[in-house]
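Colleague: Here you go, run_35.cif (mmCIF, C-alpha atoms):
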data_work
#
loop_
_atom_site.group_PDB
_atom_site.id
_atom_site.type_symbol
_atom_site.label_atom_id
_atom_site.label_comp_id
_atom_site.auth_asym_id
_atom_site.auth_seq_id
_atom_site.Cartn_x
_atom_site.Cartn_y
_atom_site.Cartn_z
ATOM 1 C CA MET C 1 -151.014 108.143 76.303
ATOM 2 C CA SER C 2 -149.838 104.913 74.739
ATOM 3 C CA LYS C 3 -152.191 105.386 71.775
ATOM 4 C CA ARG C 4 -151.568 109.092 71.336
ATOM 5 C CA SER C 5 -149.799 110.157 68.172
ATOM 6 C CA LEU C 6 -149.214 113.257 66.123
ATOM 7 C CA THR C 7 -152.030 114.293 63.836
ATOM 8 C CA PHE C 8 -149.746 114.827 60.912
ATOM 9 C CA LEU C 9 -147.695 111.712 61.468
ATOM 10 C CA VAL C 10 -150.867 109.662 61.183
ATOM 11 C CA VAL C 11 -151.073 110.870 57.613
ATOM 12 C CA CYS C 12 -147.356 110.371 57.119
ATOM 13 C CA ALA C 13 -147.429 106.816 58.414
ATOM 14 C CA GLY C 14 -150.126 105.889 55.940
ATOM 15 C CA ALA C 15 -148.261 107.641 53.171
ATOM 16 C CA LEU C 16 -145.014 105.865 53.933
ATOM 17 C CA LEU C 17 -146.793 102.542 54.103
ATOM 18 C CA ALA C 18 -148.216 103.107 50.657
ATOM 19 C CA PHE C 19 -144.805 104.226 49.447
ATOM 20 C CA ALA C 20 -143.036 101.190 50.841
ATOM 21 C CA SER C 21 -145.588 98.789 49.433
ATOM 22 C CA GLY C 22 -145.095 100.222 45.959
ATOM 23 C CA CYS C 23 -141.331 100.419 45.912
ATOM 24 C CA SER C 24 -140.940 97.133 44.097
ATOM 25 C CA LYS C 25 -143.090 98.313 41.225
ATOM 26 C CA ARG C 26 -141.822 101.833 40.598
ATOM 27 C CA GLU C 27 -138.675 103.891 40.825
ATOM 28 C CA THR C 28 -137.849 105.733 44.022
ATOM 29 C CA THR C 29 -135.508 108.606 44.684
ATOM 30 C CA PRO C 30 -132.623 107.425 46.923
ATOM 31 C CA ALA C 31 -132.040 109.289 50.182
ATOM 32 C CA ALA C 32 -128.938 111.417 50.397
ATOM 33 C CA SER C 33 -126.312 110.329 52.915
ATOM 34 C CA GLY C 34 -125.715 112.542 55.910
ATOM 35 C CA PRO C 35 -122.411 114.308 56.657
ATOM 36 C CA ASP C 36 -119.472 112.148 57.692
ATOM 37 C CA GLY C 37 -121.302 108.978 56.759
ATOM 38 C CA ALA C 38 -124.176 109.645 59.168
ATOM 39 C CA PRO C 39 -127.493 107.912 58.438
ATOM 40 C CA PRO C 40 -129.572 109.720 55.817
ATOM 41 C CA LYS C 41 -132.316 112.006 57.007
ATOM 42 C CA LYS C 42 -135.834 110.639 57.182
ATOM 43 C CA ILE C 43 -137.574 112.992 54.757
ATOM 44 C CA LEU C 44 -141.162 112.750 53.592
ATOM 45 C CA HIS C 45 -141.842 114.266 50.155
ATOM 46 C CA PHE C 46 -145.465 115.366 50.223
ATOM 47 C CA GLY C 47 -147.559 116.499 47.265
ATOM 48 C CA ASN C 48 -149.661 119.293 48.757
ATOM 49 C CA GLY C 49 -151.878 120.394 45.904
ATOM 50 C CA SER C 50 -151.331 124.153 45.819
ATOM 51 C CA GLU C 51 -149.372 127.051 47.268
ATOM 52 C CA PRO C 52 -150.670 127.922 50.758
ATOM 53 C CA GLN C 53 -152.601 131.177 51.181
ATOM 54 C CA ASP C 54 -150.575 131.951 54.309
ATOM 55 C CA LEU C 55 -149.319 130.199 57.451
ATOM 56 C CA ASP C 56 -151.680 131.946 59.872
ATOM 57 C CA PRO C 57 -154.094 129.262 61.155
ATOM 58 C CA GLN C 58 -156.742 131.861 61.965
ATOM 59 C CA ILE C 59 -157.249 133.112 58.418
ATOM 60 C CA LEU C 60 -156.892 129.908 56.376
ATOM 61 C CA THR C 61 -159.565 127.730 54.799
ATOM 62 C CA GLY C 62 -157.866 125.230 52.462
ATOM 63 C CA VAL C 63 -156.960 121.548 52.588
ATOM 64 C CA PRO C 64 -153.275 122.157 51.645
ATOM 65 C CA GLU C 65 -153.092 124.643 54.496
ATOM 66 C CA HIS C 66 -154.657 122.076 56.824
ATOM 67 C CA HIS C 67 -151.723 119.725 56.224
ATOM 68 C CA LEU C 68 -149.253 122.486 57.024
ATOM 69 C CA MET C 69 -151.078 123.592 60.170
ATOM 70 C CA ASN C 70 -151.039 120.050 61.563
ATOM 71 C CA ALA C 71 -147.268 119.982 61.127
ATOM 72 C CA LEU C 72 -146.465 123.471 62.430
ATOM 73 C CA PHE C 73 -149.075 123.909 65.176
ATOM 74 C CA GLU C 74 -150.916 121.890 67.802
ATOM 75 C CA GLY C 75 -154.236 122.528 69.528
ATOM 76 C CA LEU C 76 -155.618 121.398 72.846
ATOM 77 C CA VAL C 77 -156.417 117.935 71.483
ATOM 78 C CA SER C 78 -155.207 115.638 68.701
ATOM 79 C CA PRO C 79 -156.900 112.707 66.943
ATOM 80 C CA ASP C 80 -156.226 109.096 67.823
ATOM 81 C CA PRO C 81 -154.337 107.414 64.935
ATOM 82 C CA GLU C 82 -156.398 104.250 65.367
ATOM 83 C CA ASP C 83 -159.748 105.991 65.764
ATOM 84 C CA LYS C 84 -159.730 109.531 64.427
ATOM 85 C CA GLY C 85 -163.064 110.216 66.091
ATOM 86 C CA VAL C 86 -161.530 109.905 69.560
ATOM 87 C CA PRO C 87 -159.606 113.046 70.613
ATOM 88 C CA GLN C 88 -156.357 112.491 72.470
ATOM 89 C CA PRO C 89 -154.290 114.944 74.551
ATOM 90 C CA GLY C 90 -152.406 117.641 72.658
ATOM 91 C CA VAL C 91 -151.262 120.829 74.369
ATOM 92 C CA ALA C 92 -153.783 119.897 77.047
ATOM 93 C CA GLU C 93 -152.605 116.790 78.902
ATOM 94 C CA ARG C 94 -156.039 116.259 80.475
ATOM 95 C CA TRP C 95 -159.431 117.909 80.917
ATOM 96 C CA GLU C 96 -162.659 117.728 82.872
ATOM 97 C CA ILE C 97 -166.214 118.316 81.665
ATOM 98 C CA SER C 98 -168.903 119.515 84.054
ATOM 99 C CA PRO C 99 -171.953 117.232 84.570
ATOM 100 C CA ASP C 100 -174.181 119.615 82.573
ATOM 101 C CA GLY C 101 -171.720 119.562 79.635
ATOM 102 C CA LEU C 102 -171.265 123.340 79.688
ATOM 103 C CA VAL C 103 -167.846 123.834 81.289
ATOM 104 C CA TYR C 104 -164.602 122.337 79.940
ATOM 105 C CA THR C 105 -161.465 122.747 82.051
ATOM 106 C CA PHE C 106 -158.217 122.030 80.213
ATOM 107 C CA HIS C 107 -154.908 121.461 82.003
ATOM 108 C CA LEU C 108 -152.013 122.468 79.747
ATOM 109 C CA ARG C 109 -148.621 120.800 79.683
ATOM 110 C CA ALA C 110 -145.872 122.597 81.548
ATOM 111 C CA ASP C 111 -143.403 121.497 78.843
ATOM 112 C CA ALA C 112 -145.398 122.836 75.853
ATOM 113 C CA HIS C 113 -143.322 125.530 74.128
ATOM 114 C CA TRP C 114 -143.296 127.725 71.063
ATOM 115 C CA THR C 115 -140.375 127.284 68.689
ATOM 116 C CA ASP C 116 -138.766 130.443 70.116
ATOM 117 C CA GLY C 117 -138.634 128.763 73.538
ATOM 118 C CA GLN C 118 -141.513 130.680 75.113
ATOM 119 C CA PRO C 119 -144.037 128.534 77.043
ATOM 120 C CA VAL C 120 -147.496 127.922 75.598
ATOM 121 C CA THR C 121 -149.946 129.244 78.206
ATOM 122 C CA ALA C 122 -153.665 129.422 78.815
ATOM 123 C CA GLN C 123 -153.420 133.153 78.172
ATOM 124 C CA ASP C 124 -152.153 132.351 74.662
ATOM 125 C CA PHE C 125 -155.367 130.459 73.966
ATOM 126 C CA VAL C 126 -157.556 133.240 75.380
ATOM 127 C CA ALA C 127 -155.766 135.900 73.315
ATOM 128 C CA SER C 128 -155.872 133.671 70.213
ATOM 129 C CA TYR C 129 -159.592 133.049 70.535
ATOM 130 C CA ARG C 130 -160.200 136.750 71.068
ATOM 131 C CA ARG C 131 -158.242 137.461 67.884
ATOM 132 C CA MET C 132 -160.192 134.796 66.002
ATOM 133 C CA LEU C 133 -163.462 136.448 67.056
ATOM 134 C CA THR C 134 -162.355 140.024 66.313
ATOM 135 C CA PRO C 135 -164.547 141.162 63.369
ATOM 136 C CA SER C 136 -161.817 143.277 61.755
ATOM 137 C CA LEU C 137 -159.624 140.195 61.312
ATOM 138 C CA GLY C 138 -162.252 138.661 59.039
ATOM 139 C CA ALA C 139 -161.598 135.034 60.022
ATOM 140 C CA ASP C 140 -163.767 132.806 57.836
ATOM 141 C CA TYR C 141 -163.912 130.111 60.502
ATOM 142 C CA ALA C 142 -164.761 132.429 63.409
ATOM 143 C CA TYR C 143 -168.190 130.799 63.609
ATOM 144 C CA MET C 144 -166.560 127.558 64.751
ATOM 145 C CA LEU C 145 -165.931 129.246 68.117
ATOM 146 C CA PHE C 146 -169.557 130.334 68.506
ATOM 147 C CA HIS C 147 -170.067 127.355 70.836
ATOM 148 C CA LEU C 148 -168.404 129.501 73.504
ATOM 149 C CA ASP C 149 -170.749 131.503 75.670
ATOM 150 C CA GLY C 150 -170.826 135.107 74.427
ATOM 151 C CA ALA C 151 -168.522 134.422 71.471
ATOM 152 C CA GLU C 152 -171.065 135.260 68.788
ATOM 153 C CA ASP C 153 -172.149 138.394 70.664
ATOM 154 C CA PHE C 154 -168.524 139.545 70.826
ATOM 155 C CA TYR C 155 -168.041 138.832 67.125
ATOM 156 C CA ARG C 156 -171.183 140.814 66.227
ATOM 157 C CA GLY C 157 -170.268 143.727 68.485
ATOM 158 C CA LEU C 158 -173.103 143.200 70.980
ATOM 159 C CA ILE C 159 -170.501 143.030 73.748
ATOM 160 C CA THR C 160 -167.039 144.585 73.653
ATOM 161 C CA ASP C 161 -165.437 143.087 76.759
ATOM 162 C CA PHE C 162 -164.001 139.674 75.924
ATOM 163 C CA ALA C 163 -163.965 138.853 79.635
ATOM 164 C CA GLN C 164 -167.760 138.489 79.324
ATOM 165 C CA THR C 165 -167.335 135.453 77.104
ATOM 166 C CA GLY C 166 -166.896 131.900 78.330
ATOM 167 C CA CYS C 167 -163.128 131.841 77.683
ATOM 168 C CA LYS C 168 -160.938 132.302 80.751
ATOM 169 C CA ALA C 169 -157.388 131.528 81.863
ATOM 170 C CA LEU C 170 -157.603 130.417 85.501
ATOM 171 C CA ASP C 171 -153.801 130.363 85.655
ATOM 172 C CA ASP C 172 -150.886 129.874 83.252
ATOM 173 C CA HIS C 173 -151.746 126.230 82.639
ATOM 174 C CA THR C 174 -155.511 126.049 83.209
ATOM 175 C CA LEU C 175 -157.976 127.094 80.517
ATOM 176 C CA GLN C 176 -161.705 127.149 81.201
ATOM 177 C CA LEU C 177 -164.227 127.228 78.370
ATOM 178 C CA LYS C 178 -167.930 127.729 79.097
ATOM 179 C CA LEU C 179 -170.393 126.876 76.326
ATOM 180 C CA ARG C 180 -173.710 128.533 75.534
ATOM 181 C CA GLN C 181 -175.285 125.095 75.196
ATOM 182 C CA PRO C 182 -174.003 121.489 75.407
ATOM 183 C CA ALA C 183 -171.917 120.412 72.400
ATOM 184 C CA PRO C 184 -170.919 116.741 72.819
ATOM 185 C CA PHE C 185 -168.849 116.981 69.626
ATOM 186 C CA LEU C 186 -166.732 119.881 70.902
ATOM 187 C CA LEU C 187 -163.506 117.903 71.421
ATOM 188 C CA ASN C 188 -163.764 116.516 67.902
ATOM 189 C CA ALA C 189 -164.343 120.016 66.513
ATOM 190 C CA MET C 190 -161.240 121.241 68.344
ATOM 191 C CA GLN C 191 -159.064 119.084 66.115
ATOM 192 C CA HIS C 192 -159.596 121.772 63.445
ATOM 193 C CA TYR C 193 -156.927 124.490 63.209
ATOM 194 C CA ALA C 194 -159.510 127.201 63.923
ATOM 195 C CA TRP C 195 -159.020 126.218 67.573
ATOM 196 C CA PHE C 196 -155.202 126.254 67.423
ATOM 197 C CA PRO C 197 -153.308 128.975 69.299
ATOM 198 C CA VAL C 198 -151.119 131.560 67.587
ATOM 199 C CA PRO C 199 -147.966 133.122 69.119
ATOM 200 C CA VAL C 200 -149.610 136.355 70.212
ATOM 201 C CA HIS C 201 -146.329 137.757 71.473
ATOM 202 C CA VAL C 202 -144.963 137.459 67.927
ATOM 203 C CA VAL C 203 -148.092 138.509 66.019
ATOM 204 C CA GLU C 204 -148.274 141.748 68.025
ATOM 205 C CA LYS C 205 -144.831 142.788 66.760
ATOM 206 C CA PHE C 206 -145.865 142.734 63.107
ATOM 207 C CA GLY C 207 -148.890 144.948 62.597
ATOM 208 C CA GLY C 208 -151.126 143.951 65.489
ATOM 209 C CA LEU C 209 -153.608 141.189 66.220
ATOM 210 C CA ASP C 210 -156.545 142.448 64.160
ATOM 211 C CA ARG C 211 -154.856 142.386 60.756
ATOM 212 C CA LYS C 212 -154.264 139.536 58.337
ATOM 213 C CA GLY C 213 -151.375 139.119 55.929
ATOM 214 C CA THR C 214 -148.726 140.623 58.204
ATOM 215 C CA ASP C 215 -145.053 139.652 58.281
ATOM 216 C CA TRP C 216 -145.244 137.354 61.300
ATOM 217 C CA THR C 217 -145.638 134.336 58.997
ATOM 218 C CA ARG C 218 -142.525 135.120 56.981
ATOM 219 C CA LEU C 219 -139.755 132.537 57.279
ATOM 220 C CA GLU C 220 -137.497 134.695 59.440
ATOM 221 C CA ASN C 221 -140.316 135.625 61.857
ATOM 222 C CA PHE C 222 -142.429 132.480 62.014
ATOM 223 C CA VAL C 223 -143.094 130.774 65.347
ATOM 224 C CA GLY C 224 -145.272 127.709 65.903
ATOM 225 C CA ASN C 225 -145.857 125.079 68.576
ATOM 226 C CA GLY C 226 -146.219 121.895 66.528
ATOM 227 C CA PRO C 227 -144.022 118.829 66.036
ATOM 228 C CA PHE C 228 -142.230 120.574 63.154
ATOM 229 C CA ARG C 229 -140.873 124.070 62.655
ATOM 230 C CA LEU C 230 -140.531 126.088 59.471
ATOM 231 C CA LYS C 231 -137.098 125.656 57.889
ATOM 232 C CA ALA C 232 -137.522 126.974 54.333
ATOM 233 C CA TRP C 233 -140.258 128.407 52.155
ATOM 234 C CA ARG C 234 -139.785 129.139 48.476
ATOM 235 C CA PRO C 235 -143.198 130.134 47.069
ATOM 236 C CA ASN C 236 -144.442 127.911 44.267
ATOM 237 C CA GLN C 237 -141.463 125.562 44.756
ATOM 238 C CA HIS C 238 -141.497 123.975 48.200
ATOM 239 C CA LEU C 239 -141.977 124.467 51.907
ATOM 240 C CA ILE C 240 -139.724 122.515 54.281
ATOM 241 C CA ALA C 241 -140.632 121.726 57.868
ATOM 242 C CA GLU C 242 -138.033 120.181 60.166
ATOM 243 C CA ARG C 243 -138.461 118.371 63.475
ATOM 244 C CA SER C 244 -138.882 120.920 66.249
ATOM 245 C CA PRO C 245 -136.416 120.733 69.164
ATOM 246 C CA THR C 246 -138.893 122.534 71.450
ATOM 247 C CA TYR C 247 -141.910 120.254 70.902
ATOM 248 C CA TRP C 248 -142.995 118.506 74.109
ATOM 249 C CA ASP C 249 -143.264 115.052 72.447
ATOM 250 C CA ARG C 250 -140.255 115.443 70.129
ATOM 251 C CA ALA C 251 -138.812 112.039 71.069
ATOM 252 C CA ARG C 252 -141.715 110.365 69.259
ATOM 253 C CA VAL C 253 -141.407 112.395 66.067
ATOM 254 C CA LYS C 254 -139.748 109.991 63.649
ATOM 255 C CA LEU C 255 -139.370 112.176 60.571
ATOM 256 C CA ASP C 256 -136.497 114.643 60.289
ATOM 257 C CA GLU C 257 -138.164 116.785 57.635
ATOM 258 C CA ILE C 258 -141.279 117.079 55.509
ATOM 259 C CA HIS C 259 -140.979 118.672 52.087
ATOM 260 C CA PHE C 260 -144.317 120.058 50.875
ATOM 261 C CA TYR C 261 -144.642 120.660 47.144
ATOM 262 C CA PRO C 262 -147.361 122.944 45.709
ATOM 263 C CA ILE C 263 -148.496 121.100 42.587
ATOM 264 C CA GLU C 264 -151.651 122.456 40.978
ATOM 265 C CA LEU C 265 -152.283 119.678 38.447
ATOM 266 C CA ALA C 266 -153.335 116.295 39.793
ATOM 267 C CA GLU C 267 -151.846 114.623 36.731
ATOM 268 C CA THR C 268 -148.427 116.149 37.449
ATOM 269 C CA GLU C 269 -148.573 115.196 41.103
ATOM 270 C CA GLU C 270 -149.543 111.607 40.278
ATOM 271 C CA ARG C 271 -146.686 111.344 37.798
ATOM 272 C CA MET C 272 -144.217 112.571 40.438
ATOM 273 C CA PHE C 273 -145.566 109.982 42.868
ATOM 274 C CA ARG C 274 -145.328 107.201 40.312
ATOM 275 C CA THR C 275 -141.703 108.067 39.490
ATOM 276 C CA GLY C 276 -140.643 108.244 43.139
ATOM 277 C CA GLN C 277 -140.302 112.029 43.475
ATOM 278 C CA LEU C 278 -143.162 112.068 45.992
ATOM 279 C CA HIS C 279 -143.970 109.658 48.792
ATOM 280 C CA VAL C 280 -147.598 110.697 49.005
ATOM 281 C CA THR C 281 -150.149 112.414 46.812
ATOM 282 C CA ASN C 282 -153.590 113.373 48.054
ATOM 283 C CA GLU C 283 -155.401 113.226 44.742
ATOM 284 C CA VAL C 284 -155.418 110.684 41.939
ATOM 285 C CA PRO C 285 -156.876 111.532 38.522
ATOM 286 C CA LEU C 286 -160.113 109.624 37.992
ATOM 287 C CA THR C 287 -158.649 107.966 34.900
ATOM 288 C CA LYS C 288 -155.854 106.431 37.015
ATOM 289 C CA ILE C 289 -157.932 104.904 39.822
ATOM 290 C CA ALA C 290 -158.691 101.722 37.879
ATOM 291 C CA VAL C 291 -155.005 101.410 36.949
ATOM 292 C CA TYR C 292 -153.890 101.639 40.585
ATOM 293 C CA ARG C 293 -156.574 99.197 41.684
ATOM 294 C CA ARG C 294 -155.278 96.712 39.155
ATOM 295 C CA ASP C 295 -151.505 97.246 39.263
ATOM 296 C CA LEU C 296 -150.722 98.810 42.655
ATOM 297 C CA PRO C 297 -153.667 98.332 45.032
ATOM 298 C CA GLU C 298 -151.466 98.664 48.124
ATOM 299 C CA ALA C 299 -150.634 102.268 47.213
ATOM 300 C CA LEU C 300 -154.248 103.380 46.697
ATOM 301 C CA LYS C 301 -156.217 104.505 49.729
ATOM 302 C CA LEU C 302 -159.790 105.725 49.341
ATOM 303 C CA GLU C 303 -161.389 107.339 52.377
ATOM 304 C CA PRO C 304 -164.738 109.070 53.023
ATOM 305 C CA TRP C 305 -164.629 112.850 52.947
ATOM 306 C CA CYS C 306 -167.043 114.891 55.021
ATOM 307 C CA GLY C 307 -168.285 117.912 53.113
ATOM 308 C CA VAL C 308 -171.357 119.724 51.839
ATOM 309 C CA TYR C 309 -172.018 120.957 48.325
ATOM 310 C CA PHE C 310 -174.927 123.076 47.186
ATOM 311 C CA TYR C 311 -175.949 124.061 43.663
ATOM 312 C CA ARG C 312 -177.724 127.279 42.770
#
For the file at hand, write its structure as structure tokens.
Modeller:
Amino acid sequence: MSKRSLTFLVVCAGALLAFASGCSKRETTPAASGPDGAPPKKILHFGNGSEPQDLDPQILTGVPEHHLMNALFEGLVSPDPEDKGVPQPGVAERWEISPDGLVYTFHLRADAHWTDGQPVTAQDFVASYRRMLTPSLGADYAYMLFHLDGAEDFYRGLITDFAQTGCKALDDHTLQLKLRQPAPFLLNAMQHYAWFPVPVHVVEKFGGLDRKGTDWTRLENFVGNGPFRLKAWRPNQHLIAERSPTYWDRARVKLDEIHFYPIELAETEERMFRTGQLHVTNEVPLTKIAVYRRDLPEALKLEPWCGVYFYR
């Protein structure tokens, strides 16, 4: 556990490092003092590219949404900040894999909670995965769960009883997943928000589990289980996430708030970064890369991106 860290704070740490290294060469926005002379809040101003489609991790597909999901939700595992290819405990504090690589048994933390105080249980994961695989929901990433035995058959209507799939809650804090064939990369794949749980007890109140675009993701109704909780959301202006008091590892969350800004134009976002309005931007206009390499190399971070393009 000594190497475990929050998925989103890995990004934030790198962003703040770049920000700090560039402070001497560009203006920065001073932090506001807290009430009664208290230390100023630790706020990360994050350029997030565009307005999120929604805050429902089971219907999203975008990179801006990915950043938000990593702040507001947590899955069974999280990436290691030093080696992102090595999954570390998340909601699951430990797990066992059967010798044939087909059965994964996850042991969930007793102190994992939703932001409304309800415990995160194995049943939440089972119900979330059932929702993800329900055809009427139309989840674009449903196929990512097809590694589970019977999952694709359930999605295609060949079986109607979800209990026939390889997803079972053995008790409140033990989740068993049986695969249709070995998938050595499964734990890495589970770092994607398609495998995150949703607060089923909340989703059910607002239109049912098999519908998208319901009111459960509105500010006044939203519930998550991540290191941050939703504080404010003004479409096309900003979304603010604040440190969650119910998160199991809250003592290690160093930021008080993250302010996400939907900025469509890369040129605008880069200008806001350069003038200190943003601490991190995820995209740099191609014409500015050479300038940053020459004048501010510490603030420029180029990383490989795994993706597939096809041309027709």
Colleague: So that I can check the surroundings of Ser50 (chain C), please list as JSON, numbers by chain every protein, DNA and RNA residue that reaches within 6 Å of it, counting all atoms listed in the file and ignoring chain neighbours fewer than 4 positions away.
Modeller: {"C": [262, 263, 264]}
Colleague: Report, in Å with one decimal, the straight-line distance from CA of Val198 (chain C) to CA of Val103 (chain C).
Modeller: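 Computed distance, CA of Val198 (chain C) to CA of Val103 (chain C), equals 23.0 Å.
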Colleague: Pick from C:Ala189, C:Leu137, C:Ile258, C:Val126: nearest to Thr174 (chain C), with all atoms listed in the file counted?
Modeller: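 Closest candidate: C:Val126.
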Colleague: Hey, what's within 8 Å of Gly224 (chain C) if we count all atoms listed in the file and toss same-chain stuff fewer than 5 positions away? As JSON, numbers by chain, please?
Modeller: {"C": [72, 73, 114, 115, 198, 199, 229]}
Colleague: What residues come out when you apply the PyMOL selection byres ((chain C and resi 270) around 12) to this file, written as a count of residues only?
Modeller: 33
Colleague: Would you please work out which residue, of C:Glu93, C:Ile43, C:Ser98, C:Glu51, is nearest to Val63 (chain C) when using all atoms listed in the file?
Modeller: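 Of C:Glu93, C:Ile43, C:Ser98, C:Glu51, the one nearest Val63 (chain C), counting all atoms listed in the file, is C:Glu51.
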Colleague: How far is it from CA of Gly85 (chain C) to CA of Asp100 (chain C), in Å with one decimal?
Modeller: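 Taking CA of Gly85 (chain C) and CA of Asp100 (chain C), their separation equals 22.0 Å.
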Colleague: Could you state which residues are captured by the PyMOL selection byres ((chain C and resi 257) around 10) in this file, as a VMD selection string?
Modeller: chain C and resid 41 to 45 228 to 231 240 to 244 254 to 256 258 to 260
Colleague: Excluding Leu186 (chain C) and any residue of its chain fewer than 4 positions from it, enumerate the residues within 10 Å of it, using only C-alpha atoms, and give them as an NGL selection string.
Modeller: :C and (87 or 104 or 144-145 or 147 or 179 or 182 or 190-191)
Colleague: Restrict the selected residues to C-alpha atoms and save them as a PDB file, in the coordinates of the input.
Modeller:
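Heads up, here's the output in part29.pdb:
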ATOM      1  CA  PRO C  87    -159.606 113.046  70.613  1.00  0.00           C
ATOM      2  CA  TYR C 104    -164.602 122.337  79.940  1.00  0.00           C
ATOM      3  CA  MET C 144    -166.560 127.558  64.751  1.00  0.00           C
ATOM      4  CA  LEU C 145    -165.931 129.246  68.117  1.00  0.00           C
ATOM      5  CA  HIS C 147    -170.067 127.355  70.836  1.00  0.00           C
ATOM      6  CA  LEU C 179    -170.393 126.876  76.326  1.00  0.00           C
ATOM      7  CA  PRO C 182    -174.003 121.489  75.407  1.00  0.00           C
ATOM      8  CA  MET C 190    -161.240 121.241  68.344  1.00  0.00           C
ATOM      9  CA  GLN C 191    -159.064 119.084  66.115  1.00  0.00           C
TER      10      GLN C 191
END
Colleague: For the structure provided, state which residues fall under the PyMOL selection byres ((chain C and resi 111) around 12), and present them as an MDAnalysis selection string.
Modeller: chainID C and resid 90:93 107:110 112:114 117:121 173 225 245:250
Colleague: Please determine, counting all atoms listed in the file, which residue among C:Cys167, C:Ala194, C:Ala122, C:Ala232 has the shortest atom-to-atom distance to Asp140 (chain C).
Modeller: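 Under the stated criterion, the closest residue is C:Ala194.
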Colleague: Hey, what's within 10 Å of region 215-220 of chain C if we count only C-alpha atoms and toss same-chain stuff fewer than 4 positions away? As a ChimeraX atom specification, please?
Modeller: /C:54-56,199-200,202-208,224,230-234,239
Colleague: Point out the residue among C:Asp172, C:Pro52, C:Val223, C:Pro135 with the least atom-to-atom distance to Leu158 (chain C), counting all atoms listed in the file.
Modeller: C:Pro135
